[in-house]
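Here's the structure we're looking at; comments come further down.
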Amino acid sequence: MAAVAPISRPSTASLEAPGLAHYLAIGLIAGAIIALQISVMRVFAVGSWSHFGSLVVSLAMLGFSLSSVVIFAGKDWFDRHWQGAATAALVLVGPLAVASNLAAQTVPFNAIFLVSDPEQKWRLLANFLLYLLPFLAGAFFLGIVFLKSRTAFSRVYFADLTGSGLAGLVVLVSMYLFSPETIIVVPLLLWAAGSLLWFFAFGAWKRVVAGAVVAALSIAGYLMLPGLLGIPDIAVSQYKGVAYARNFPDGKRIYRSVSPFGDLQVYASSYMHFAPGLSDNAAFGMPEVPANTYVGMYRDGDGPEGIMRNLAPAEQAYFRYLPMHYPYVIKAKPRTFVVQFGGGISTQAALNAGSTSVTVAESNPMTLRAFRDPLLKDVTGDILAEPRLKVIDYDGRLFLANTGERYDVIDLSLADSVGLSNPGGFAISEKYAYTHEAMLSYMHALADGGVLSVTLWNKEEPPKSVLKLYSTIAEAARMFDRQGAANDIFAVSSYLSTTTVLFKRGGFSADEIKTLRDYTKSMSWEEVHYPGMPYDGSTAQKILDDYRASIFGSGQDATLTQPAADATAPADPTAPKAACDPTAPADPTLDACADAGPDVLPATALQRMTWHALLTGGWAKLASDYVFDVRPLSNDQPYFAAYVKVADLPLTLDRLDLFQDDWGYLLIWATLGIACITAASLVLLPVIFGWRIVFSRSRGKLGTILYFACLGLGYIMVEVGLISRFTVALANPTVSASVLISSMLVFSGLGSLFAERIFNRARTLLPVLLLAICLLLLAYGFYLSPVLDWIGAYPYAVRLLLCFLLVSPPAFLMGMPMATAMTWLARLGKEHLFVWAWGINGCFSVIGSAAVPIVATSFGLSAVLQWAAIAYLVAIPAFFAVLLPSKAPAIRLVTA
């Protein structure tokens, strides 16, 4: 390995043999670009919704692709004027980052009306174009550097990747120190350090001084201009929960903490009435409903999660009117486990119900820290100090999967606050606590006769998420108790409020069923399923048809009214007879005829037919006929999302206003379409500008394009796909993204540096390497989930280290193919393909990042890694085209 020049000796105006200062500067500047990506993702998460932040990755890669096209078209000019062009691009990164962020706050978009209001589409486009500018400038700088250091590409690529990876860790730590309003200071500081070091490496002292001035003005402008110009630091959508809290006349923020786990704020107001599923009968059954019962907790502006104040003894009857009280109706003095602490309501309900002990899990350390703050201790009566309470500081699902403890009650109630009722807000978020694997873990952790209670928001009409929940619990119940699952379930709902499902290990007795039904009646909630419940399926198909017609019909063929039997319709001989039918046997202990009414709401009827089909047969047909996708959740597909079936997507185009709740899912399809069109355009533009080169007799051109397309697609799919996977162990998508991106880039950088050892034997070694990557990704797809479950039970610092190392094998190998192929293009004199290949890689990275959520929701997270594995497999034969020598002499680029 050749020695590098020391920092103290300025290099000549060439990058054929970069010095150490050049490598450090490249690492810092590449790190600033990654840091800017993560920082803008935080801005999006707090200002609008987090999955817009995932589009920032596409924006960055689009910047690299677009810059490669321009450099390709003007290669001769950039060869001659590379220093001036690189300097201009570098100096512009910081000012553009500041200006684009400030300008974006003046054109905020309302994501709720993205479908129905045409202006919102233009506002969203304006945000994307604005945030593209700094990435474009950074991409121009790095593209010029790559162009001028072709012979040392592997080392420059190492500096680029490693600097980017380490910057991800810097941003992660910085999130403890900087709020979302000031987080962009971090990439600005990295950019400033890299710029000054770059100019110093060339001995350009005037540029060092000028760069310092520009950097100081950029940072000062970012911090001071919002106040001077009256521009908000972050324009928070008026439809985010925290916006309502801020607008209450007496709204007051009483707590705030910032960290990689989110911006956690707590607001108090007399206007805050957060009653999670509270029965309407509370107003009649209690002398006085407690006033000012809650303060609201918000994470990145989403919420509220209600934090209940410490109720006086006379007020504690309030808990009886909450749906999380259900298991305690039949369980006296239980040992209770609360899967997720959240705002603490389920924990308080468990304590109030007389639990002898309550074990509660909370994976977000900042939540526990907030509840230990003196202000919140005063509100809750210091609930965490309760002697009967034991706190588990990691995911409750993972604890139950690995513990030998058994509990009488396991509670998972409203763990996502208003999450699933927040239109589109959580459209593509992973919900591992609700998967059928999680439900099985809960069931196995029950003592004999123990009860699992799951309460979910039920605010969708037509029903969507609740049906996914039902199918998930039913699948787990059948796996746990293949013979008696129908006797193990009791389910109730409240229209446009909540639904609660109870699972009892060993099944419910007749007395328990009567007790639960009496309690349900006293709360005026609706029975959805209980063992032996009568069911009349004569109107089932009509309800399914009406729901479909209400969405995809003409508007005149749907009558979603309270259903009544159609006297003219032929009877369905396969439909079971209702227990009220005089010819049907009735169970006198259930008193079915006295309670069954002829008319129920369509949503309730649909839920009843769902349970009947799930537990007695016919679910496949019902799921096929229903207008939305209601497949169960699994660790591989942990999404309350993708409700619109893929086959129905074309039918949504002329009625997008009916899909306000689904815009998040529809948006990822739109993003994929835009990414494909954009990438195709950027691939074809060089053909227009450099047609003589493209259509010359240079061998291996199409194979080279295919090779770099496979690398771009495969690498980004692994990176983005593993972020979702690692959320299992790290419990937070921001932390997962930072660790994954950092680990991938650092180890890929090391791989690119190691690639120098195989350059001369690439023809034989690289195909083996690509095959090894393919097999490793397939293995990760099949076996990663249990490994992450195991890691998730360790202390958090150990989890971070293990996750960082777990990525290293594939990431290290995946750093070699790019460096090897780019070096061979330079060796073979294919300079015209060198820049284009880099752009092709970027274009297909844009497509890959947009395709990941589609593949994950449609086929599963393991399919993401399988598709990536196929991309690396296809790259094997394509690599031999890269190694083909060019027959044609070098041709001077002629532009249009």
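If you're wondering about the labels, chains in the structure tokens are A, B, ... by order shown, residues count from 1 in each chain, ligands from 1 in order shown.
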
Tell me, as a list in words, which residues lie within 8 Å of A:Ala243, counting only C-alpha atoms; anything in the same chain fewer than 6 positions away does not count. Val236, Ser237 and Gly301 of chain A

Please dump the current selection as a PDB file, in the first residue's frame; keep C-alpha atoms.
```pdb
ATOM      1  CA  VAL A 236     -45.537  22.123  12.181  1.00  0.00           C
ATOM      2  CA  SER A 237     -48.638  20.889  10.385  1.00  0.00           C
ATOM      3  CA  GLY A 301     -45.578  16.209  17.599  1.00  0.00           C
TER       4      GLY A 301
END
```

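The protein and nucleic acid residues lying at most 7 Å from A:Ser845 are Met61, Gly712, Leu713, Ile716, Asn841, Gly842, Cys843, Ile847, Gly848 and Ser849 of chain A, with only C-alpha atoms considered and sequence neighbours fewer than 2 positions away removed.
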
Could the residues in this selection be saved with N, CA, C and O atoms as a short mmCIF file (atom, residue, chain, number, x, y, z; two decimals), in the first residue's frame?
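Ended up saving to again_5.cif:
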```cif
data_model
loop_
_atom_site.label_atom_id
_atom_site.label_comp_id
_atom_site.auth_asym_id
_atom_site.auth_seq_id
_atom_site.Cartn_x
_atom_site.Cartn_y
_atom_site.Cartn_z
N MET A 61 -29.92 10.67 -3.39
CA MET A 61 -29.45 9.85 -4.50
C MET A 61 -29.81 10.49 -5.84
O MET A 61 -29.05 10.37 -6.81
N GLY A 712 -26.53 -0.57 -7.43
CA GLY A 712 -27.31 0.52 -6.83
C GLY A 712 -28.60 0.02 -6.22
O GLY A 712 -28.97 0.38 -5.10
N LEU A 713 -29.31 -0.84 -6.96
CA LEU A 713 -30.58 -1.38 -6.48
C LEU A 713 -30.37 -2.27 -5.26
O LEU A 713 -31.07 -2.14 -4.25
N ILE A 716 -29.01 -0.26 -1.83
CA ILE A 716 -29.97 0.60 -1.14
C ILE A 716 -31.12 -0.21 -0.57
O ILE A 716 -31.68 0.12 0.49
N ASN A 841 -25.67 3.93 -11.00
CA ASN A 841 -25.74 3.42 -9.64
C ASN A 841 -26.67 4.29 -8.80
O ASN A 841 -27.52 3.78 -8.06
N GLY A 842 -26.52 5.61 -8.92
CA GLY A 842 -27.37 6.52 -8.17
C GLY A 842 -28.82 6.46 -8.60
O GLY A 842 -29.73 6.49 -7.76
N CYS A 843 -29.06 6.36 -9.92
CA CYS A 843 -30.43 6.30 -10.43
C CYS A 843 -31.18 5.10 -9.86
O CYS A 843 -32.33 5.21 -9.43
N ILE A 847 -34.58 4.31 -7.32
CA ILE A 847 -35.66 3.34 -7.53
C ILE A 847 -35.73 2.36 -6.36
O ILE A 847 -36.81 2.06 -5.84
N GLY A 848 -34.57 1.87 -5.91
CA GLY A 848 -34.54 0.89 -4.84
C GLY A 848 -35.12 1.42 -3.54
O GLY A 848 -35.89 0.74 -2.87
N SER A 849 -34.74 2.66 -3.18
CA SER A 849 -35.25 3.23 -1.93
C SER A 849 -36.76 3.42 -1.99
O SER A 849 -37.45 3.27 -0.97
#
```

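Each of A:Ala103, A:Ile184, A:Ala85, A:Cys676 was checked against A:Asn127 using only C-alpha atoms; the smallest atom-to-atom distance is that of A:Ala103.
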
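Across the structure, atom CA of A:Ser724 and atom CA of A:Trp867 are spaced 15.7 Å apart.
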
Excluding A:His529 and any residue of its chain fewer than 3 positions from it, enumerate the residues within 8 Å of it, using only C-alpha atoms, and give them as a count of residues only. 8

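DSSP annotation of stretch 496-557 of chain A from backbone atoms: helix (DSSP H, G or I) residues are A:Ala510, A:Asp511, A:Glu512, A:Ile513, A:Lys514, A:Thr515, A:Leu516, A:Arg517, A:Asp518, A:Tyr519, A:Thr520, A:Lys521, A:Ser522, A:Met523, A:Ala540, A:Gln541, A:Lys542, A:Ile543, A:Leu544, A:Asp545, A:Asp546, A:Tyr547, A:Arg548, A:Ala549, A:Ser550, A:Ile551, A:Phe552.
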
Write out as a PyMOL selection string the set of residues from stretch 470-511 of chain A that DSSP, computed on the backbone, places in strand (DSSP E). chain A and resi 489-493+497-504

Separation of atom CA of A:Lys240 and atom CA of A:Ser279, in Å? 25.8 Å

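Proximity ranking of A:Val600, A:Leu264, A:Val874, A:Leu375 relative to A:Tyr176 places A:Leu264 first, based on only C-alpha atoms.
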
Skipping near chain neighbours, those fewer than 2 positions away, what residues fall within 12 Å of A:Leu147 using only C-alpha atoms, listed as a PDB file with C-alpha atoms, in the first residue's frame?
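Full text of out.pdb as output:
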```
ATOM      1  CA  SER A  14      -4.089  17.127  -8.934  1.00  0.00           C
ATOM      2  CA  LEU A  15      -5.993  14.268  -7.355  1.00  0.00           C
ATOM      3  CA  GLU A  16      -4.114  11.447  -9.035  1.00  0.00           C
ATOM      4  CA  SER A  67     -24.901  15.687 -11.131  1.00  0.00           C
ATOM      5  CA  SER A  68     -23.440  12.668 -12.914  1.00  0.00           C
ATOM      6  CA  ILE A  71     -20.610  15.966 -15.479  1.00  0.00           C
ATOM      7  CA  PHE A  72     -20.949  13.347 -18.227  1.00  0.00           C
ATOM      8  CA  GLY A  74     -19.508  18.364 -19.886  1.00  0.00           C
ATOM      9  CA  LYS A  75     -16.696  15.964 -19.076  1.00  0.00           C
ATOM     10  CA  ASP A  76     -14.044  17.825 -21.051  1.00  0.00           C
ATOM     11  CA  TRP A  77     -14.963  21.118 -19.409  1.00  0.00           C
ATOM     12  CA  PHE A  78     -14.939  19.589 -15.919  1.00  0.00           C
ATOM     13  CA  ASP A  79     -11.564  17.987 -16.668  1.00  0.00           C
ATOM     14  CA  ARG A  80     -10.104  21.411 -17.432  1.00  0.00           C
ATOM     15  CA  TRP A  82     -12.355  20.912 -12.068  1.00  0.00           C
ATOM     16  CA  GLN A  83     -10.831  22.976  -9.249  1.00  0.00           C
ATOM     17  CA  ALA A  86     -15.390  21.748  -7.149  1.00  0.00           C
ATOM     18  CA  ALA A 139     -23.028  15.530  -5.239  1.00  0.00           C
ATOM     19  CA  PHE A 140     -21.319  17.806  -7.777  1.00  0.00           C
ATOM     20  CA  PHE A 141     -18.335  18.175  -5.491  1.00  0.00           C
ATOM     21  CA  LEU A 142     -17.975  14.450  -4.865  1.00  0.00           C
ATOM     22  CA  GLY A 143     -18.611  13.621  -8.522  1.00  0.00           C
ATOM     23  CA  ILE A 144     -15.803  15.913  -9.642  1.00  0.00           C
ATOM     24  CA  VAL A 145     -13.512  14.419  -7.007  1.00  0.00           C
ATOM     25  CA  SER A 149      -9.140  10.558  -8.767  1.00  0.00           C
ATOM     26  CA  ARG A 150     -10.053   7.625 -10.981  1.00  0.00           C
ATOM     27  CA  THR A 151      -6.794   5.799 -10.380  1.00  0.00           C
ATOM     28  CA  ALA A 152      -7.196   6.114  -6.606  1.00  0.00           C
ATOM     29  CA  PHE A 153     -10.934   5.488  -6.612  1.00  0.00           C
ATOM     30  CA  VAL A 156     -11.401   7.988  -2.186  1.00  0.00           C
ATOM     31  CA  TYR A 157     -14.485   5.781  -2.034  1.00  0.00           C
ATOM     32  CA  MET A 822     -14.849   1.551 -11.112  1.00  0.00           C
ATOM     33  CA  THR A 823     -11.104   0.938 -10.891  1.00  0.00           C
ATOM     34  CA  LEU A 825     -13.167   1.123 -15.936  1.00  0.00           C
ATOM     35  CA  ALA A 826     -10.361   3.608 -15.261  1.00  0.00           C
ATOM     36  CA  LYS A 830     -13.401   3.767 -20.308  1.00  0.00           C
ATOM     37  CA  GLU A 831     -13.547   7.293 -18.921  1.00  0.00           C
ATOM     38  CA  HIS A 832     -16.788   7.961 -20.769  1.00  0.00           C
ATOM     39  CA  LEU A 833     -18.448   5.119 -18.849  1.00  0.00           C
ATOM     40  CA  PHE A 834     -16.798   5.992 -15.506  1.00  0.00           C
ATOM     41  CA  VAL A 835     -19.072   8.945 -14.702  1.00  0.00           C
ATOM     42  CA  TRP A 836     -22.132   7.407 -16.336  1.00  0.00           C
ATOM     43  CA  ALA A 837     -21.703   4.196 -14.314  1.00  0.00           C
ATOM     44  CA  TRP A 838     -21.640   6.215 -11.108  1.00  0.00           C
ATOM     45  CA  GLY A 839     -24.843   7.972 -12.215  1.00  0.00           C
TER      46      GLY A 839
END
```
